[in-house]
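Student: Below is the structure I would like to discuss, written out as C-alpha cells.
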Amino acid sequence: MAKIINVIKGTKDILPQDVEQWHILESKALEIFSKYGYKEIRTPIFEATELFARGVGDTTDIVNKEMYTFEKSERSLTLRPENTAGVVRSYIENGMARLSAPVKLWYKGPMFRYERPQAGRQRQFHQVGVEMFGIKNATADAEVILLAVNYLKSLGLNDLEVELNSLGCPTCREAYKAKIKEVLKPEFDNLCEDCQNRYEKNPLRLLDCKVESCKAIFEKPEIQKVIQSDFICEECAAHFAELKTYLDKLNVKYTINKLLVRGLDYYNRTVFEIKSNNLGSQNAVCGGGRYDSLVRNLGGEDTPAVGWAMGMERLNSLLPVPELELLDGYIVSTSPVEAFELAEDLRDKGFKVEFDLANKKFTKQLEKASKVAKRALILGEDEIKAGTVAVKNLSTGEQVSFPRNQLPQVLAQG
RNA sequence: GCGCCUGUCGUCAAGCGGUUAAGACCUCGGAUUGUGGUUCCGAUAUGCAUGGGUUCGAAUCCCAUCAGGCGCCCCA
C-alpha cells in the first residue's frame with residue numbers, strides 16, 4: 001500500500017455528517033443579516049502582505065508571527081488571517097464610499113493563522129462577520145451588536161455574555177497609555193518578560209496579563225485606580241453612554257470589562273466580545289468593535305466603521321448535532337431499469353430517493369432502506385405487472401400498495 | 001515559541017515484560033431465493049505511530065522522531 005497523506009496540522013475536513021451544521025450557520029446568517037440590509041461580499045483568500053501589515057497592525061501577534069506568507073513573482077502574498085482588512089480594501093478599491101451610507105457588508109469563509117492548534121483554535125478556521133461603513137453615531141455600534149446577539153439567538157444561543165468597553169479615540173488613548181506607563185514605571189523590573197515588551201509596544205495589552213506576579217502588581221490600589229479610571233474624553237464618553245442607552249432600551253444584556261482590549265491595532269472607541277462558558281480556554285465566539293481610522297490608513301477617505309467576526313467552528317461546538325436527514329423513499333426492486341425509472345420520476349418531482357445500485361438480495365435492500373429512508377418503495381415482479389408500488393412505512397411497519405401515479409401524493413404526506 | 005499528556009482495526013477501546021493482541025460499534029456475508037429495524041452465526045490487526053536501544057523475550061521499559069490533545073501566549 002502506498003503511503004497515506006494526512007491533513008495538515010491545524011486543519012480539518014468538514015465531513016458529510018457535520019456539514020448540515022454549517023448549512024444552518026450559513027443560511028441563518030443570510031436570513032438574519034439580510035433583514036438588517038447587509039449584502040454578502042466575497043473577497044480573495046490571499047492578498048498583498050502589506051494590506052495586513054498596514055491594516056491589522058504590525059505590532060500585533062497576528063501580523064508578527066501568525067501569517068502564512070509566500071512569494072510569487074517577487075510579490076509578497078499572505079493568506080488572509082482575518083477579513084476586515086480585505087473588505088476595507090475592496091470598499092476603497094470599488095469606490096463604495098460613493099454609495100449612500102451606511103454601506104453594510106457581511107462575509108463568511110476560511111481564515112489562516114499559524115498558531116499552535118488547541119481546543120477552538122485551528123490554523124485554517126472559518127469566520128462569519130459584518131462590517132458597516134459610514135456611520136459615526138453610536139446607533140451603528142448598537143445595531144451591529146444587536147445583529148450579533150440576534151444571529152446567535154436565531155441559532156438557539158441565548159445565554160452568551162456580551163462584554164463591552166471603550167478604548168477612547170487616539171488622543172485620549174495616548175494619554176491613558178502614558179498614565180499606565182507612568183504608574184507602572186517603578187514596577188517595570190518586576191513585570192514578566194512579555195509585559196516588559198508590551199510596556200513599550202502596546203501598554204493596553206499589559207492589563208490582562210495572566211502571570212500571577214503581574215496580576216499581583218496590577219492589584220495594587222494606585223495601579224487599579226488608573227486602570228479603573230474613566231480616562232476617555234468627553235466625546236468618547238458621550239458616544240459610549242449613548243451606546244449603552246440603546247443597548248439598555250433594546251434589552252441587550254452586557255457587562256463592562258475595562259480590561260477588554262482587542263488585540264488588533266485598528267480599534268477605537270467601542271470594543272466588545274461575546275463569550276461562552278462552554279468552550280474551554282478559547283471562549284470568545286464573537287469579537288469586534290469600531291475602527292474609524294482603518295479606511296484612511298489603507299488609502300481611502302476618512303470613513304467611520306464598525307464590525308465583528310465570529311468563529312464558526314466555535315459556534316458549531318456550541319450547537320447540537322443535527323440528525324441526519326432520511327430519504328423520502330428507498331426503492332427495493334429486482335429490476336434496476338424499473339428502479340431507475342421510478343427513482344428519476346420521483347426525484348424530478350422533488351423527492352429524495354435512492355435504490356440499490358449493486359442489485360443485492362431483497363432482504364439486504366430492505367435492511368438498507370430501514371437505515372436510510374422513511375419508507376421502502378417495493379417494486380418487485382408483482383408490482384411491476386400490476387403497475388403499483390408497495391409503500392412500507394419503516395417506523396410503523398405498515399404497508400399499503402398504491403398505483404404508481406399516486407406515489408407523489410403518498411410521499412408528500414410526510 | 002514554551003509546558004504537560006497521549007498514540008493498539010474505520011470508530012471506541014482491553015492489555016501494564018512471556019496472551020493465539022480481549023471486547024463493543026460500524027461494515028460485509030449467512031440463517032432468510034419478496035419483507036427490514038429484534039435475534040443467532042461467521043468474516044475483518046502476522047499488527048500495537050515510525051526508527052533505534054535494553055532484554056533470552058517488548059504493544060508493554062528507555063531514547064529520538066512524527067502525529068494528536070490540552071494549557072500558556074494570542075485570538076474567532
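Residues in the C-alpha cells are named by chain (A, B, ... in the order shown) and by number from 1 within that chain; ligands are numbered from 1 in the order shown.
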Within 8 Å of region 47-58 of chain B, counting only C-alpha atoms (C1' of nucleotides), which residues show up once you throw out same-chain ones fewer than 2 positions away? Write them as a CSV table (one decimal) with N, CA and C atoms (P, O5', C5', C4', C3', O3' and C1' of nucleotides), in the first residue's frame, please.

Tutor:
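For reference, out-v1.csv as written:
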```csv
chain,number,residue,atom,x,y,z
B,7,G,P,-1.3,6.1,25.2
B,7,G,O5',-1.9,6.3,23.7
B,7,G,C5',-1.3,5.6,22.6
B,7,G,C4',-2.0,6.1,21.4
B,7,G,C3',-1.6,5.2,20.2
B,7,G,O3',-2.6,5.3,19.2
B,7,G,C1',-0.5,7.4,20.1
B,8,U,P,-3.8,4.5,19.2
B,8,U,O5',-3.4,3.0,19.3
B,8,U,C5',-2.6,2.4,18.2
B,8,U,C4',-2.7,0.9,18.3
B,8,U,C3',-4.1,0.4,18.0
B,8,U,O3',-4.3,0.3,16.6
B,8,U,C1',-3.3,-0.7,19.9
B,17,G,P,4.4,-5.5,33.8
B,17,G,O5',5.3,-6.0,32.6
B,17,G,C5',4.9,-5.9,31.3
B,17,G,C4',5.7,-6.9,30.5
B,17,G,C3',5.7,-8.3,31.0
B,17,G,O3',5.2,-9.2,30.0
B,17,G,C1',7.8,-7.6,30.2
B,18,G,P,4.3,-10.4,30.3
B,18,G,O5',5.0,-11.5,29.3
B,18,G,C5',5.0,-11.1,27.9
B,18,G,C4',5.2,-12.4,27.1
B,18,G,C3',4.1,-13.5,27.3
B,18,G,O3',3.9,-14.2,26.1
B,18,G,C1',6.2,-14.3,28.2
B,21,A,P,-1.1,-13.1,18.8
B,21,A,O5',-1.8,-12.2,19.9
B,21,A,C5',-2.6,-12.4,21.0
B,21,A,C4',-3.3,-11.2,21.3
B,21,A,C3',-4.6,-10.9,20.5
B,21,A,O3',-5.6,-11.6,21.0
B,21,A,C1',-3.3,-8.9,20.7
B,45,A,P,-7.4,-9.3,10.0
B,45,A,O5',-7.2,-8.0,10.9
B,45,A,C5',-6.8,-6.8,10.3
B,45,A,C4',-5.5,-6.4,11.0
B,45,A,C3',-4.6,-7.5,11.2
B,45,A,O3',-3.7,-7.8,10.1
B,45,A,C1',-4.8,-6.1,13.2
B,60,U,P,6.5,-1.5,23.4
B,60,U,O5',5.5,-0.9,24.4
B,60,U,C5',5.8,-0.5,25.7
B,60,U,C4',4.9,-1.0,26.7
B,60,U,C3',5.6,-1.3,28.0
B,60,U,O3',5.0,-0.5,29.0
B,60,U,C1',4.2,-3.1,27.3
B,61,C,P,5.5,1.0,29.3
B,61,C,O5',7.1,0.7,29.6
B,61,C,C5',7.5,0.5,30.9
B,61,C,C4',9.0,0.6,31.0
B,61,C,C3',9.6,1.7,30.2
B,61,C,O3',9.6,2.9,30.9
B,61,C,C1',10.8,-0.3,29.7
B,62,C,P,9.7,4.3,30.1
B,62,C,O5',11.2,4.3,29.5
B,62,C,C5',12.3,4.6,30.4
B,62,C,C4',13.6,4.7,29.6
B,62,C,C3',13.5,5.8,28.5
B,62,C,O3',13.8,7.0,29.0
B,62,C,C1',14.4,3.8,27.6
B,63,C,P,13.1,8.3,28.3
B,63,C,O5',14.0,8.4,27.0
B,63,C,C5',15.4,8.8,27.0
B,63,C,C4',16.0,8.8,25.7
B,63,C,C3',15.2,9.6,24.6
B,63,C,O3',15.6,10.9,24.7
B,63,C,C1',15.7,7.5,23.7
B,64,A,P,14.5,12.0,24.2
B,64,A,O5',14.6,11.9,22.6
B,64,A,C5',15.8,12.3,21.9
B,64,A,C4',15.8,11.8,20.5
B,64,A,C3',14.6,12.4,19.7
B,64,A,O3',14.9,13.7,19.2
B,64,A,C1',14.7,10.1,19.3
B,65,U,P,13.7,14.7,19.0
B,65,U,O5',12.9,14.2,17.7
B,65,U,C5',13.6,14.2,16.4
B,65,U,C4',12.8,13.4,15.4
B,65,U,C3',11.4,13.8,15.2
B,65,U,O3',11.3,14.9,14.3
B,65,U,C1',11.4,11.5,15.5
B,66,C,P,10.2,16.0,14.5
B,66,C,O5',8.8,15.3,14.0
B,66,C,C5',8.7,14.8,12.7
B,66,C,C4',7.6,13.9,12.5
B,66,C,C3',6.2,14.5,13.0
B,66,C,O3',5.6,15.3,12.1
B,66,C,C1',6.5,12.3,13.8
B,67,A,P,4.7,16.5,12.7
B,67,A,O5',3.4,15.7,13.1
B,67,A,C5',2.6,15.0,12.2
B,67,A,C4',1.5,14.2,12.9
B,67,A,C3',0.6,15.0,13.8
B,67,A,O3',-0.4,15.7,13.2
B,67,A,C1',1.4,13.0,14.9
```

Student: Counting only C-alpha atoms (C1' of nucleotides), which residues of chain B come no farther than 10 Å from chain A, as a tab-separated table (two decimals) with N, CA and C atoms (P, O5', C5', C4', C3', O3' and C1' of nucleotides), in the first residue's frame?

Tutor:
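And here's selection-v7.tsv as it stands now:
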```tsv
chain	number	residue	atom	x	y	z
B	1	G	P	8.83	26.82	16.53
B	1	G	O5'	8.88	27.48	17.97
B	1	G	C5'	9.96	28.31	18.33
B	1	G	C4'	9.68	28.93	19.66
B	1	G	C3'	9.24	27.97	20.76
B	1	G	O3'	10.35	27.27	21.31
B	1	G	C1'	7.86	29.89	20.80
B	32	U	P	-33.14	-20.43	6.64
B	32	U	O5'	-33.66	-19.99	5.24
B	32	U	C5'	-33.00	-19.26	4.30
B	32	U	C4'	-33.65	-17.86	4.15
B	32	U	C3'	-32.64	-16.88	3.58
B	32	U	O3'	-33.11	-16.50	2.26
B	32	U	C1'	-33.82	-15.94	5.46
B	33	U	P	-32.88	-17.80	1.11
B	33	U	O5'	-33.97	-17.38	0.01
B	33	U	C5'	-34.28	-16.01	-0.14
B	33	U	C4'	-34.38	-15.75	-1.63
B	33	U	C3'	-35.83	-15.85	-2.14
B	33	U	O3'	-36.34	-14.53	-2.37
B	33	U	C1'	-34.40	-17.25	-3.41
B	34	G	P	-35.87	-13.59	-1.60
B	34	G	O5'	-37.27	-12.93	-1.43
B	34	G	C5'	-38.25	-13.45	-0.60
B	34	G	C4'	-39.05	-12.21	-0.42
B	34	G	C3'	-40.47	-12.50	0.04
B	34	G	O3'	-40.63	-11.97	1.31
B	34	G	C1'	-40.35	-10.89	-1.73
B	35	U	P	-40.31	-12.84	2.67
B	35	U	O5'	-39.91	-11.74	3.74
B	35	U	C5'	-38.58	-11.21	3.78
B	35	U	C4'	-38.69	-9.81	4.34
B	35	U	C3'	-39.52	-9.76	5.61
B	35	U	O3'	-38.81	-9.00	6.57
B	35	U	C1'	-40.34	-8.21	3.98
B	36	G	P	-37.68	-9.65	7.54
B	36	G	O5'	-36.74	-8.40	7.80
B	36	G	C5'	-35.63	-8.17	6.95
B	36	G	C4'	-35.13	-6.78	7.15
B	36	G	C3'	-34.95	-6.37	8.60
B	36	G	O3'	-33.69	-6.80	9.10
B	36	G	C1'	-36.11	-4.67	7.44
B	37	G	P	-33.50	-7.08	10.67
B	37	G	O5'	-33.66	-5.64	11.33
B	37	G	C5'	-32.56	-4.71	11.27
B	37	G	C4'	-32.99	-3.40	11.87
B	37	G	C3'	-33.38	-3.45	13.34
B	37	G	O3'	-32.25	-3.22	14.16
B	37	G	C1'	-35.03	-2.26	12.11
B	67	A	P	4.66	16.50	12.65
B	67	A	O5'	3.37	15.69	13.13
B	67	A	C5'	2.56	15.02	12.16
B	67	A	C4'	1.51	14.20	12.86
B	67	A	C3'	0.62	14.96	13.84
B	67	A	O3'	-0.41	15.66	13.20
B	67	A	C1'	1.37	12.99	14.87
B	68	G	P	-0.98	17.00	13.86
B	68	G	O5'	-1.84	16.45	15.07
B	68	G	C5'	-3.06	15.74	14.81
B	68	G	C4'	-3.57	15.14	16.09
B	68	G	C3'	-3.92	16.11	17.20
B	68	G	O3'	-5.17	16.73	16.98
B	68	G	C1'	-2.70	14.34	18.11
B	69	G	P	-5.46	18.20	17.55
B	69	G	O5'	-5.65	17.93	19.11
B	69	G	C5'	-6.73	17.14	19.56
B	69	G	C4'	-6.58	16.88	21.03
B	69	G	C3'	-6.51	18.11	21.91
B	69	G	O3'	-7.79	18.62	22.16
B	69	G	C1'	-4.82	16.61	22.55
B	70	C	P	-8.00	20.19	22.24
B	70	C	O5'	-7.34	20.55	23.66
B	70	C	C5'	-7.94	20.09	24.86
B	70	C	C4'	-7.00	20.30	26.01
B	70	C	C3'	-6.56	21.73	26.27
B	70	C	O3'	-7.55	22.49	26.92
B	70	C	C1'	-4.71	20.29	26.45
B	71	G	P	-7.62	24.05	26.70
B	71	G	O5'	-6.30	24.58	27.44
B	71	G	C5'	-6.29	24.69	28.85
B	71	G	C4'	-4.91	25.02	29.34
B	71	G	C3'	-4.32	26.35	28.90
B	71	G	O3'	-4.88	27.45	29.60
B	71	G	C1'	-2.67	24.70	28.76
B	72	C	P	-4.89	28.85	28.93
B	72	C	O5'	-3.35	29.26	28.93
B	72	C	C5'	-2.69	29.57	30.15
B	72	C	C4'	-1.25	29.95	29.86
B	72	C	C3'	-1.06	31.17	28.97
B	72	C	O3'	-1.20	32.37	29.70
B	72	C	C1'	0.40	29.46	28.27
B	73	C	P	-2.09	33.54	29.09
B	73	C	O5'	-1.25	33.96	27.80
B	73	C	C5'	0.00	34.63	27.92
B	73	C	C4'	0.67	34.67	26.57
B	73	C	C3'	-0.13	35.37	25.48
B	73	C	O3'	0.03	36.78	25.52
B	73	C	C1'	0.65	33.31	24.67
B	74	C	P	-1.22	37.72	25.58
B	74	C	O5'	-1.91	37.50	24.17
B	74	C	C5'	-1.33	38.09	23.00
B	74	C	C4'	-1.82	37.36	21.78
B	74	C	C3'	-3.28	37.59	21.43
B	74	C	O3'	-3.44	38.82	20.74
B	74	C	C1'	-2.78	35.29	21.28
B	75	C	P	-4.83	39.55	20.70
B	75	C	O5'	-5.77	38.45	20.04
B	75	C	C5'	-6.27	38.62	18.72
B	75	C	C4'	-6.83	37.33	18.23
B	75	C	C3'	-8.35	37.25	18.21
B	75	C	O3'	-8.83	37.80	17.00
B	75	C	C1'	-7.47	35.29	19.20
B	76	A	P	-10.30	38.51	16.94
B	76	A	O5'	-11.24	37.26	16.72
B	76	A	C5'	-12.52	37.45	16.20
B	76	A	C4'	-13.34	36.23	16.53
B	76	A	C3'	-13.12	35.75	17.94
B	76	A	O3'	-14.07	36.35	18.77
B	76	A	C1'	-12.89	33.95	16.40
```

Student: Figure out the distance between CA of Leu342 (chain A) and CA of Arg404 (chain A), please, to one decimal in Å.

Tutor: 8.6 Å

Student: In terms of the shortest atom-to-atom distance over only C-alpha atoms, which of A:Ser401, A:Ser229, A:Ser154, A:Ser166 is closest to Asp141 (chain A)?

Tutor: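 Under the stated criterion, the closest residue is A:Ser166.
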
Student: Find the spatial neighbours of C12 (chain B), counting only C-alpha atoms (C1' of nucleotides), within a cut-off of 12 Å - ignore same-chain residues fewer than 4 positions away - and output them as a PyMOL selection string.

Tutor: chain B and resi 8+23-26

Student: Can those selected residues be exported to a file as a tab-separated table (two decimals), in the first residue's frame so that it contains all heavy atoms?

Tutor:
```tsv
chain	number	residue	atom	x	y	z
B	8	U	P	-3.83	4.51	19.15
B	8	U	OP1	-4.40	4.70	17.80
B	8	U	OP2	-4.61	4.84	20.35
B	8	U	O5'	-3.36	3.00	19.27
B	8	U	C5'	-2.56	2.41	18.25
B	8	U	C4'	-2.69	0.91	18.27
B	8	U	O4'	-2.45	0.43	19.63
B	8	U	C3'	-4.08	0.37	17.96
B	8	U	O3'	-4.33	0.32	16.57
B	8	U	C2'	-3.98	-1.02	18.57
B	8	U	O2'	-3.17	-1.86	17.78
B	8	U	C1'	-3.27	-0.70	19.88
B	8	U	N1	-4.22	-0.38	20.97
B	8	U	C2	-4.90	-1.44	21.55
B	8	U	O2	-4.77	-2.58	21.20
B	8	U	N3	-5.76	-1.08	22.55
B	8	U	C4	-6.00	0.19	23.02
B	8	U	O4	-6.80	0.36	23.93
B	8	U	C5	-5.26	1.24	22.35
B	8	U	C6	-4.41	0.91	21.38
B	23	G	P	-12.89	-11.28	21.24
B	23	G	OP1	-13.60	-12.56	21.05
B	23	G	OP2	-12.15	-10.67	20.13
B	23	G	O5'	-13.91	-10.21	21.82
B	23	G	C5'	-14.59	-10.48	23.04
B	23	G	C4'	-15.13	-9.20	23.61
B	23	G	O4'	-14.04	-8.31	23.94
B	23	G	C3'	-15.98	-8.39	22.66
B	23	G	O3'	-17.30	-8.88	22.56
B	23	G	C2'	-15.91	-7.01	23.31
B	23	G	O2'	-16.74	-6.93	24.44
B	23	G	C1'	-14.44	-6.97	23.74
B	23	G	N9	-13.61	-6.36	22.68
B	23	G	C8	-12.74	-6.99	21.82
B	23	G	N7	-12.15	-6.17	20.98
B	23	G	C5	-12.67	-4.92	21.31
B	23	G	C6	-12.41	-3.64	20.74
B	23	G	O6	-11.65	-3.34	19.81
B	23	G	N1	-13.16	-2.65	21.36
B	23	G	C2	-14.04	-2.85	22.39
B	23	G	N2	-14.68	-1.77	22.86
B	23	G	N3	-14.29	-4.04	22.94
B	23	G	C4	-13.57	-5.02	22.35
B	24	A	P	-18.08	-8.72	21.18
B	24	A	OP1	-19.30	-9.53	21.28
B	24	A	OP2	-17.15	-8.91	20.05
B	24	A	O5'	-18.48	-7.17	21.24
B	24	A	C5'	-19.30	-6.70	22.30
B	24	A	C4'	-19.42	-5.20	22.21
B	24	A	O4'	-18.11	-4.59	22.41
B	24	A	C3'	-19.86	-4.69	20.85
B	24	A	O3'	-21.27	-4.76	20.68
B	24	A	C2'	-19.37	-3.24	20.91
B	24	A	O2'	-20.18	-2.44	21.70
B	24	A	C1'	-18.01	-3.43	21.59
B	24	A	N9	-16.93	-3.63	20.61
B	24	A	C8	-16.28	-4.79	20.28
B	24	A	N7	-15.34	-4.63	19.35
B	24	A	C5	-15.40	-3.27	19.06
B	24	A	C6	-14.66	-2.47	18.16
B	24	A	N6	-13.71	-2.93	17.36
B	24	A	N1	-14.97	-1.17	18.11
B	24	A	C2	-15.94	-0.69	18.90
B	24	A	N3	-16.70	-1.34	19.80
B	24	A	C4	-16.37	-2.64	19.83
B	25	C	P	-21.87	-5.05	19.24
B	25	C	OP1	-23.31	-5.29	19.41
B	25	C	OP2	-21.02	-6.05	18.55
B	25	C	O5'	-21.65	-3.63	18.54
B	25	C	C5'	-22.33	-2.47	19.04
B	25	C	C4'	-21.80	-1.24	18.36
B	25	C	O4'	-20.37	-1.12	18.59
B	25	C	C3'	-21.90	-1.24	16.84
B	25	C	O3'	-23.20	-0.90	16.39
B	25	C	C2'	-20.88	-0.17	16.47
B	25	C	O2'	-21.36	1.13	16.69
B	25	C	C1'	-19.77	-0.48	17.48
B	25	C	N1	-18.74	-1.37	16.88
B	25	C	C2	-17.83	-0.81	15.96
B	25	C	O2	-17.92	0.39	15.68
B	25	C	N3	-16.89	-1.60	15.40
B	25	C	C4	-16.83	-2.91	15.72
B	25	C	N4	-15.88	-3.64	15.14
B	25	C	C5	-17.74	-3.50	16.65
B	25	C	C6	-18.67	-2.70	17.20
B	26	C	P	-23.75	-1.58	15.05
B	26	C	OP1	-25.13	-1.07	14.89
B	26	C	OP2	-23.52	-3.05	15.07
B	26	C	O5'	-22.81	-0.95	13.94
B	26	C	C5'	-22.89	0.45	13.64
B	26	C	C4'	-21.79	0.81	12.66
B	26	C	O4'	-20.50	0.51	13.24
B	26	C	C3'	-21.79	0.01	11.37
B	26	C	O3'	-22.75	0.51	10.45
B	26	C	C2'	-20.37	0.22	10.89
B	26	C	O2'	-20.18	1.49	10.31
B	26	C	C1'	-19.59	0.13	12.21
B	26	C	N1	-19.09	-1.24	12.46
B	26	C	C2	-17.94	-1.67	11.78
B	26	C	O2	-17.39	-0.89	10.97
B	26	C	N3	-17.47	-2.92	11.98
B	26	C	C4	-18.10	-3.74	12.85
B	26	C	N4	-17.60	-4.96	13.04
B	26	C	C5	-19.27	-3.32	13.55
B	26	C	C6	-19.73	-2.07	13.34
```

Student: Could you check how far CA of Ile180 (chain A) sits from CA of Leu206 (chain A), in Å to one decimal?

Tutor: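 Interatomic distance, CA of Ile180 (chain A) to CA of Leu206 (chain A): 9.1 Å.
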
Student: Between CA of Glu31 (chain A) and CA of Asp248 (chain A), what distance in Å does the model show, to one decimal?

Tutor: 25.1 Å

Student: For a quick check of understanding, using only C-alpha atoms, which of A:Ser90, A:Ser100, A:Thr84, A:Thr270 has the smallest distance to Leu243 (chain A)?

Tutor: A:Thr270

Student: Give me every alpha helix (DSSP H) residue in region 185-379 of chain A, going by DSSP on the backbone, as a PyMOL selection string.

Tutor: chain A and resi 193-201+212-219+221-228+234-249+294-297+312-318+336-348+362-372
